[in-house]
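**Q** What follows is a single structure, and I will ask about it in a moment.
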Amino acid sequence: MKFAKLAVIGAALTLAVGACGGATSGAPTAIKIAIELPLQGSEKAASDPIIKGIRLALKQAGGAAGGYTITIPDSAIFDDALASSGAHDPQTGANNMTKIVSDETYMAVIGPLNSSVAKAQIPISNASGLTQCSPANTNPDLTKGDPAKAIRTKPNNYVRVVTTDDIQGPAAALYIYSTLGKKSVYIIDDTETFGKGVADAFEKAFTGAGGKVVKHDGAPKTTQDYVSIMTAAKALNPESIYFGGVTATGGARILLAAAQVGLGDVPFVGPDGINDGSGATKDSYLNLAGAKAANSFSTLAGPGTFDGKAKFDADYKTEYGIDATGYAGQGFACAQIILDAIGRAGAAKPGSYAALKEEVRKATIDTSHTYKTIVGDVTFDANGDTSQLIVSIYSFDPAGADAKGDWKFDTQVDAAKK
Amino acid sequence: MTVTVSTGSSSSSLARGLRVTGMAVAAVLVYLIVLWRCLLLAGELTAGNSLAGALFSALTRYDEVGNAFLAQALQQTVNALSIGSIYALIALGYTMVYGIIELINFAHGDIFMIGAFLSVVFTGGIFGQHEGVHNIPFLAFLLLGALLFAMPLVGLINVTIERLVYRPLRHAPRLAPLITAIGVSFILQNIVLIIAGSGDRTAAQVFPLDWQIPFGGASISVLSIFIFALSLGLMLALQNFIRRSRMGRAMRATAQDQSAASLMGVDLNQTIALTFLLGGMLAGAAGVAWGLRFGFVKFDLGFNSGLKAFTAAVLGGIGNISGAVLGGFIIGFIENFASALGYSRWSEFLVFMVLTFVLVFKPSGILGQLTGDRA
């Protein structure tokens with residue numbers, strides 16, 4: 001009896017060891033890509049199109065690259081938002097990254113959405129050498145100068161397909177000043193890393209262009225009374241309003257207050273943080289603003305139109321039954337870049353997951369390689385920033401999304417062509 | 001709760017009422033004038049004048065330019081009264097509960113949030129209104145309906161919470177109900193989170209926002225005046241109820257000494273439940289006002305508003321009803337002052353700095369409350 005028990009335990013152990021061994025030994029054939037985005041609360045509206053874009057790219061590539069089978073199982077999609085706050089949380093993002101790097105079958109991670117989360121994650125992904133591609137981070141400090149060095153201990157592993165806020169803010173400033181012809185602006189930011197950063201870059205460019213900043217105020221997302229703030233703004237008679245922040249930190253609330261005090265006819269311009277879906281998308285800026293969004297404009301830190309746009313939109317619509325919005329194209333592009341890198345890394349036939357992971361990282365950040373992505377040709381500089389210095393401007397289209405209102409691509413500004 | 005030794009003579013209470021009204025009006029006027037001159041000062045500084053010159057002009061200038069700022073200051077004063085009355089209504093719930101059972105009911109902010117949601121359910125959900133209603137009888141019906149729908153329901157929720165959660169802990173060490181209140185706060189937030197989701201929800205602003213009284217170059221929002229008048233009416237009703245009714249007397253007695261009150265035949269459970277009911281109803285009214293004013297509700301709304309209202313209650317002297325009202329308005333004015341001058345990012349800093357100063361020099365709050373060994 002005792003012997004039988006021991007035999008069973010022994011057999012089980014053998015099997016277990018065998019199973020583990022099977023996963024690690026020999027050249028890898030099946031690998032995974034992780035996705036890390038906020039999936040609850042108001043930012044879900046911005047994350048959903050990105051995930052759909054990524055999945056579409058993987059599907060069109062046949063779920064394979066470089067001779068490897070590549071999957072994104074549901075367990076590979078990580079959520080950095082907290083139910084209790086309904087918004088992204090850097091600590092949760094860091095915990096997710098720790099989980100991702102502990103599974104060696106992940107060759108890359110796409111995400112996160114928010115720069116503050118990226119700041120917490122890069123030290124972890126960098127130490128492990130895991131390739132990270134963000135479809136939406138725009139804070140310059142993630143890649144440039146000393147702040148970027150401070151969060152890296154090893155060679156770079158992080159690239160992004162959107163340009164930075166020091167390009168995005170000024171693009172909006174020039175649009176308001178030159179295209180809309182508004183010579184004065186009231187700026188309000190949400191006092192957070194992203195919001196204040198982009199608003200400061202905006203202010204500098206607007207003043208530089210000759211415009212007048214009547215006031216640059218800040219209201220943290222805990223602000224109760226936006227009406228008083230907008231009453232003060234109204235007294236300064238601005239010709240336009242720029243909001244630095246995201247929907248979750250007050251975008252639509254400020255617009256509602258502005259409309260209430262009689263600033264409803266003044267152009268209200270915001271960064272990609274308010275370009276988070278149509279009026280039909282739950283919790284999006286346009287959904288909350290309703291008809292009051294009539295004079296709203298937003299920017300995206302990437303191209304809004306590109307050569308394959310019509311086909312991409314059609315494919316997306318066929319696959320999901322809804323229009324591609326926000327950073328869907330950027331999610332698609334990130335997936336393309338990673339698949340491309342895996343393809344080139346696979347040529348060397350690395351003998352283990354760890355070796356393949358390192359080859360993928362090296363291939364991704366290769367500054368001499370030009371990626372043919374859906375949003376156009378992309379090369380990365382030594383910091384991992386994209387060569388596309390393009391910001392697109394969107395205006396409000398009340399007829400879009402079945403008359404619920406949608407962002408309509410207006411124009412795009414290429415800072416590289418100045 | 002303030003326990004005034006009432007002489008019972010109506011003439012003295014009338015005199016007291018007049019004195020308080022006079023002081024309140026004077027305080028608002030002082031705020032108006034200070035804000036007016038400060039706006040002028042800020043305007044002069046922005047225009048590039050020297051500090052000394054700007055200061056001189058802020059004190060002496062009474063021409064058209066100076067007067068242009070008066071309209072703006074008046075507009076902001078009305079804004080301040082409006083947000084201040086919302087804080088005051090919530091703060092009353094904190095202070096009444098504290099006064100009677102010495103519990104800091106951290107779930108009270110969330111009670112307010114539920115009130116705000118219920119008013120949205122009434123106007124937007126049941127009656128399908130999304131825009132300003134210009135038909136006055138229908139508007140009156142909607143507003144009254146929202147109040148009559150949200151206030152009793154929220155009050156009953158508050159009573160139920162007291163019955164289920166706080167009453168069993170009434171004689172437990174003081175930390176137990178306190179931690180439980182924080183737990184209740186999370187439960188309420190999460191219930192609403194599950195039902196309504198985590199983003200902002202649009203609240204129907206049925207009170208027409210285009211109803212403005214033109215004044216100088218600015219305009220005064222009628223909604224702000226309505227919110228202020230509504231809160232004032234409720235506060236006076238509460239004051240009257242506590243001072244004059246039999247149940248109000250029972251509340252005061254219970255606040256003073258539970259066991260003595262009990263010996264005199266006051267039903268403690270009933271009196272405490274009544275306190276929660278009244279506190280909840282006022283929070284419900286604040287919720288209705290919130291939706292009308294800001295046009296959105298969110299499941300975590302109660303956290304920040306509750307924190308501000310709690311601060312208001314402490315500032316005025318927790319346990320003191322007049323103190324809660326005073327504290328609510330003071331916080332409304334401080335926040336408004338920062339916003340009006342374009343320094344919104346400093347408004348919370350200012351609020352808590354004032355709180356700290358008051359507590360350093362007068363730990364019992366502005367109007368004070370003898371709290372004995374109370375936490």
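Every chain in the structure tokens takes a letter, A first, then B, and so on in the order presented; its residues are numbered from 1, and the ligands are numbered from 1 following the presented order.
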Give me, as a tab-separated table, each residue of segment 305-361 of chain B that comes within 12 Å of segment 101-106 of chain B, together with its shortest interatomic pair and the distance in Å at one decimal, counting only C-alpha atoms, with rows ordered by chain and rising residue number.
**A**
residue	atom	partner	partner_atom	distance
B:Ser305	CA	B:Phe106	CA	11.4
B:Gly306	CA	B:Phe106	CA	7.7
B:Leu307	CA	B:Phe106	CA	8.6
B:Lys308	CA	B:Phe106	CA	11.7
B:Ala309	CA	B:Phe106	CA	10.6
B:Phe310	CA	B:Phe106	CA	8.4
B:Thr311	CA	B:Ile104	CA	11.5
B:Ala313	CA	B:Ile104	CA	10.3
B:Val314	CA	B:Ile104	CA	10.4
B:Ile318	CA	B:Ile104	CA	9.3
B:Gly319	CA	B:Glu102	CA	8.1
B:Asn320	CA	B:Glu102	CA	11.8
**Q** For segment 19-27 of chain B, find every residue with an atom within 12 Å (counting only C-alpha atoms), except residues of its own chain fewer than 3 positions away, and show them as a list in words.
**A**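 Contacts, in chain order: Ser12, Ser13, Leu14, Ala15, Arg16, Val30, Tyr31, Leu32, Ile33, Val34, Thr77, Leu81, Leu232, Leu236, Ser322, Val325, Leu326, Phe329, Ile330 and Phe333 of chain B.
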**Q** To one decimal place in Å, what is the distance between atom CA of Lys362 of chain A and atom CA of Val391 of chain A?
**A** 28.0 Å
**Q** Might you pull out every residue within 8 Å of Ser84 of chain A, with only C-alpha atoms counted and same-chain residues fewer than 2 positions away left off, and present them as a list in words?
**A**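 The filter keeps Leu82 and Gly86 of chain A; Asn190 of chain B.
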**Q** Using N, CA and C atoms, can you write the selected residues to a file as a PDB file, in the first residue's frame?
**A**
ATOM      1  N   LEU A  82      -8.055  50.446 -11.872  1.00  0.00           N
ATOM      2  CA  LEU A  82      -8.643  49.970 -10.633  1.00  0.00           C
ATOM      3  C   LEU A  82     -10.144  50.222 -10.663  1.00  0.00           C
ATOM      4  N   GLY A  86     -11.719  53.734 -11.041  1.00  0.00           N
ATOM      5  CA  GLY A  86     -12.183  53.823 -12.415  1.00  0.00           C
ATOM      6  C   GLY A  86     -11.150  54.404 -13.357  1.00  0.00           C
TER       7      GLY A  86
ATOM      8  N   ASN B 190     -19.253  50.630  -4.192  1.00  0.00           N
ATOM      9  CA  ASN B 190     -19.165  49.494  -5.097  1.00  0.00           C
ATOM     10  C   ASN B 190     -20.520  49.062  -5.621  1.00  0.00           C
TER      11      ASN B 190
END
**Q** Find the residues around Asn96 of chain A up to 9 Å (only C-alpha atoms counted), leave out those fewer than 4 positions away in its own chain, and share them as a PyMOL selection string.
**A** chain A and resi 36+78-80+91-92+100-101+121
**Q** Write the residues of the selection above to a file with C-alpha atoms, as a CSV table (one decimal), in the first residue's frame.
**A**
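Final output, saved to again-v2.csv:
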chain,number,residue,atom,x,y,z
A,36,GLU,CA,-1.3,45.9,-21.0
A,78,PHE,CA,-3.6,42.7,-18.4
A,79,ASP,CA,-5.6,45.6,-16.9
A,80,ASP,CA,-4.0,48.5,-15.1
A,91,GLN,CA,1.3,50.5,-9.2
A,92,THR,CA,-1.1,48.0,-10.8
A,100,ILE,CA,4.4,39.4,-17.6
A,101,VAL,CA,8.2,39.3,-17.3
A,121,GLN,CA,6.7,49.7,-15.9
**Q** When you get a sec, could you note down which chain B residues fall within 6 Å of chain A, using only C-alpha atoms, as a PDB file with N, CA and C atoms, in the first residue's frame?
**A**
ATOM      1  N   SER B 198     -18.238  52.834 -14.059  1.00  0.00           N
ATOM      2  CA  SER B 198     -17.235  53.627 -13.361  1.00  0.00           C
ATOM      3  C   SER B 198     -16.994  55.004 -13.947  1.00  0.00           C
ATOM      4  N   GLY B 199     -17.606  55.327 -15.073  1.00  0.00           N
ATOM      5  CA  GLY B 199     -17.348  56.647 -15.646  1.00  0.00           C
ATOM      6  C   GLY B 199     -18.314  57.702 -15.120  1.00  0.00           C
ATOM      7  N   SER B 339     -10.328  79.965  -7.223  1.00  0.00           N
ATOM      8  CA  SER B 339     -10.746  79.797  -8.620  1.00  0.00           C
ATOM      9  C   SER B 339     -10.945  81.139  -9.298  1.00  0.00           C
ATOM     10  N   ALA B 340     -11.562  82.069  -8.570  1.00  0.00           N
ATOM     11  CA  ALA B 340     -11.888  83.364  -9.162  1.00  0.00           C
ATOM     12  C   ALA B 340     -10.625  84.100  -9.585  1.00  0.00           C
ATOM     13  N   GLY B 342      -7.945  82.630 -10.489  1.00  0.00           N
ATOM     14  CA  GLY B 342      -7.190  81.826 -11.448  1.00  0.00           C
ATOM     15  C   GLY B 342      -6.098  80.990 -10.814  1.00  0.00           C
ATOM     16  N   SER B 344      -6.735  77.898  -9.239  1.00  0.00           N
ATOM     17  CA  SER B 344      -7.490  76.723  -8.817  1.00  0.00           C
ATOM     18  C   SER B 344      -6.595  75.627  -8.292  1.00  0.00           C
ATOM     19  N   ARG B 345      -5.369  75.536  -8.829  1.00  0.00           N
ATOM     20  CA  ARG B 345      -4.525  74.429  -8.384  1.00  0.00           C
ATOM     21  C   ARG B 345      -4.154  74.580  -6.911  1.00  0.00           C
TER      22      ARG B 345
END
**Q** Return the single residue from B:Val78, B:Ala73, B:Ile321, B:Leu35 that is closest to Val222 of chain B, with distances computed using only C-alpha atoms.
**A**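 That would be B:Val78, the residue with the smallest distance to Val222 of chain B.
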**Q** When distances are computed from only C-alpha atoms, which of A:Gly129, A:Pro155, A:Pro73, A:Gly93 shows the smallest separation from Glu358 of chain A?
**A**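 Closest to Glu358 of chain A of all the choices is A:Gly129.
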**Q** For Asn383 of chain A, work out the shell of residues within 6 Å, counting only C-alpha atoms and skipping chain neighbours fewer than 2 positions away, then give it as a list in words.
**A**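 Using only C-alpha atoms, the neighbours found are Thr143, Asp381 and Asp385 of chain A.
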**Q** Could you save the residues just selected, with C-alpha atoms, as a compact mmCIF listing (two decimals), in the first residue's frame?
**A**
# COMPACT_ATOMS: atom_id res chain seq x y z
CA THR A 143 12.45 58.29 -23.85
CA ASP A 381 15.76 56.71 -33.16
CA ASP A 385 10.94 57.40 -30.58
**Q** Would you mind writing down, as a short mmCIF file (atom, residue, chain, number, x, y, z; two decimals) with N, CA and C atoms, in the first residue's frame, each residue of segment 87-206 of chain A that DSSP on the backbone assigns to alpha helix (DSSP H)?
**A**
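As written to disk, out_10.cif reads:
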data_model
loop_
_atom_site.label_atom_id
_atom_site.label_comp_id
_atom_site.auth_asym_id
_atom_site.auth_seq_id
_atom_site.Cartn_x
_atom_site.Cartn_y
_atom_site.Cartn_z
N PRO A 90 -0.59 53.33 -11.74
CA PRO A 90 0.79 52.93 -12.04
C PRO A 90 1.25 51.69 -11.26
N GLN A 91 0.84 51.60 -10.00
CA GLN A 91 1.27 50.46 -9.18
C GLN A 91 0.72 49.16 -9.74
N THR A 92 -0.55 49.18 -10.15
CA THR A 92 -1.15 48.00 -10.76
C THR A 92 -0.43 47.67 -12.06
N GLY A 93 -0.09 48.70 -12.82
CA GLY A 93 0.65 48.49 -14.06
C GLY A 93 1.98 47.82 -13.80
N ALA A 94 2.69 48.26 -12.74
CA ALA A 94 3.98 47.67 -12.40
C ALA A 94 3.80 46.21 -11.98
N ASN A 95 2.75 45.92 -11.21
CA ASN A 95 2.50 44.53 -10.80
C ASN A 95 2.21 43.65 -12.02
N ASN A 96 1.44 44.20 -12.96
CA ASN A 96 1.16 43.44 -14.18
C ASN A 96 2.45 43.13 -14.93
N MET A 97 3.33 44.14 -15.01
CA MET A 97 4.58 43.95 -15.74
C MET A 97 5.43 42.87 -15.08
N THR A 98 5.42 42.85 -13.75
CA THR A 98 6.17 41.80 -13.04
C THR A 98 5.64 40.42 -13.42
N LYS A 99 4.32 40.30 -13.51
CA LYS A 99 3.72 39.03 -13.93
C LYS A 99 4.14 38.68 -15.35
N ILE A 100 4.12 39.69 -16.23
CA ILE A 100 4.41 39.43 -17.64
C ILE A 100 5.86 38.97 -17.81
N VAL A 101 6.79 39.65 -17.14
CA VAL A 101 8.20 39.27 -17.34
C VAL A 101 8.52 37.92 -16.71
N SER A 115 1.21 57.47 -19.75
CA SER A 115 2.63 57.68 -19.53
C SER A 115 3.03 57.40 -18.08
N SER A 116 2.15 57.73 -17.14
CA SER A 116 2.51 57.50 -15.74
C SER A 116 2.65 56.00 -15.46
N VAL A 117 1.86 55.19 -16.15
CA VAL A 117 1.97 53.74 -15.99
C VAL A 117 3.27 53.26 -16.63
N ALA A 118 3.58 53.80 -17.81
CA ALA A 118 4.82 53.41 -18.50
C ALA A 118 6.03 53.71 -17.62
N LYS A 119 5.97 54.83 -16.93
CA LYS A 119 7.09 55.23 -16.08
C LYS A 119 7.34 54.18 -14.98
N ALA A 120 6.26 53.58 -14.50
CA ALA A 120 6.40 52.55 -13.47
C ALA A 120 6.78 51.21 -14.06
N GLN A 121 6.47 51.00 -15.34
CA GLN A 121 6.70 49.68 -15.94
C GLN A 121 8.06 49.52 -16.59
N ILE A 122 8.56 50.61 -17.18
CA ILE A 122 9.80 50.50 -17.96
C ILE A 122 10.96 49.93 -17.12
N PRO A 123 11.13 50.34 -15.86
CA PRO A 123 12.23 49.74 -15.10
C PRO A 123 12.15 48.21 -15.05
N ILE A 124 10.93 47.68 -15.00
CA ILE A 124 10.76 46.22 -14.88
C ILE A 124 10.98 45.53 -16.22
N SER A 125 10.33 46.06 -17.26
CA SER A 125 10.49 45.42 -18.58
C SER A 125 11.92 45.59 -19.07
N ASN A 126 12.53 46.73 -18.73
CA ASN A 126 13.91 46.98 -19.17
C ASN A 126 14.88 46.01 -18.52
N ALA A 127 14.72 45.78 -17.23
CA ALA A 127 15.63 44.86 -16.52
C ALA A 127 15.51 43.46 -17.08
N SER A 128 14.32 43.09 -17.53
CA SER A 128 14.13 41.74 -18.04
C SER A 128 14.43 41.65 -19.53
N GLY A 145 16.46 62.16 -22.62
CA GLY A 145 17.23 62.83 -21.57
C GLY A 145 17.40 62.03 -20.30
N ASP A 146 17.73 62.74 -19.24
CA ASP A 146 18.03 62.11 -17.96
C ASP A 146 16.86 61.34 -17.36
N PRO A 147 15.63 61.89 -17.43
CA PRO A 147 14.52 61.12 -16.85
C PRO A 147 14.40 59.73 -17.47
N ALA A 148 14.69 59.64 -18.77
CA ALA A 148 14.61 58.34 -19.45
C ALA A 148 15.73 57.42 -18.97
N LYS A 149 16.92 57.98 -18.79
CA LYS A 149 18.05 57.17 -18.30
C LYS A 149 17.76 56.64 -16.91
N ALA A 150 17.09 57.46 -16.11
CA ALA A 150 16.85 57.11 -14.71
C ALA A 150 15.96 55.88 -14.56
N ASP A 165 4.55 64.72 -26.52
CA ASP A 165 3.74 65.90 -26.21
C ASP A 165 4.41 67.21 -26.59
N ASP A 166 5.76 67.21 -26.68
CA ASP A 166 6.40 68.45 -27.10
C ASP A 166 6.20 68.68 -28.59
N ILE A 167 5.59 67.71 -29.27
CA ILE A 167 5.16 67.89 -30.65
C ILE A 167 3.63 68.09 -30.68
N GLN A 168 2.95 67.30 -29.85
CA GLN A 168 1.48 67.33 -29.85
C GLN A 168 0.91 68.68 -29.39
N GLY A 169 1.44 69.20 -28.27
CA GLY A 169 0.94 70.48 -27.75
C GLY A 169 1.11 71.61 -28.76
N PRO A 170 2.34 71.80 -29.27
CA PRO A 170 2.56 72.86 -30.26
C PRO A 170 1.71 72.72 -31.52
N ALA A 171 1.44 71.48 -31.95
CA ALA A 171 0.61 71.31 -33.15
C ALA A 171 -0.77 71.90 -32.91
N ALA A 172 -1.32 71.65 -31.71
CA ALA A 172 -2.63 72.21 -31.38
C ALA A 172 -2.55 73.73 -31.31
N ALA A 173 -1.44 74.25 -30.76
CA ALA A 173 -1.27 75.70 -30.63
C ALA A 173 -1.28 76.36 -32.00
N LEU A 174 -0.53 75.78 -32.94
CA LEU A 174 -0.46 76.37 -34.28
C LEU A 174 -1.81 76.26 -34.99
N THR A 193 1.07 64.57 -14.74
CA THR A 193 2.25 64.52 -15.60
C THR A 193 1.91 64.81 -17.05
N PHE A 194 0.96 64.05 -17.57
CA PHE A 194 0.61 64.19 -18.98
C PHE A 194 -0.05 65.55 -19.25
N GLY A 195 -1.10 65.84 -18.47
CA GLY A 195 -1.90 67.03 -18.75
C GLY A 195 -1.10 68.32 -18.65
N LYS A 196 -0.33 68.46 -17.57
CA LYS A 196 0.44 69.68 -17.40
C LYS A 196 1.55 69.75 -18.44
N GLY A 197 2.15 68.59 -18.74
CA GLY A 197 3.24 68.54 -19.71
C GLY A 197 2.79 69.05 -21.08
N VAL A 198 1.66 68.52 -21.54
CA VAL A 198 1.20 68.90 -22.88
C VAL A 198 0.70 70.35 -22.87
N ALA A 199 0.11 70.78 -21.75
CA ALA A 199 -0.38 72.16 -21.68
C ALA A 199 0.78 73.15 -21.66
N ASP A 200 1.87 72.80 -20.97
CA ASP A 200 3.05 73.67 -20.94
C ASP A 200 3.65 73.79 -22.34
N ALA A 201 3.75 72.64 -23.04
CA ALA A 201 4.29 72.67 -24.41
C ALA A 201 3.39 73.51 -25.31
N PHE A 202 2.09 73.38 -25.09
CA PHE A 202 1.12 74.17 -25.86
C PHE A 202 1.32 75.66 -25.61
N GLU A 203 1.42 76.02 -24.32
CA GLU A 203 1.54 77.43 -23.95
C GLU A 203 2.76 78.07 -24.60
N LYS A 204 3.89 77.34 -24.53
CA LYS A 204 5.14 77.86 -25.08
C LYS A 204 4.98 78.14 -26.58
N ALA A 205 4.39 77.16 -27.26
CA ALA A 205 4.24 77.31 -28.72
C ALA A 205 3.25 78.41 -29.07
N PHE A 206 2.17 78.52 -28.28
CA PHE A 206 1.14 79.52 -28.59
C PHE A 206 1.71 80.93 -28.39
#
**Q** Find the distance between atom CA of Thr318 of chain A and atom CA of Ala30 of chain A and write it in Å to one decimal.
**A**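 That distance, rounded to one decimal, is 28.0 Å.
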**Q** I'd like the contact shell of Leu356 of chain A - 12 Å cut-off, only C-alpha atoms, skipping same-chain residues fewer than 5 positions apart - returned as a ChimeraX atom specification.
**A** /A:26-31,66,68,104-108,129-131,341-351,361-363
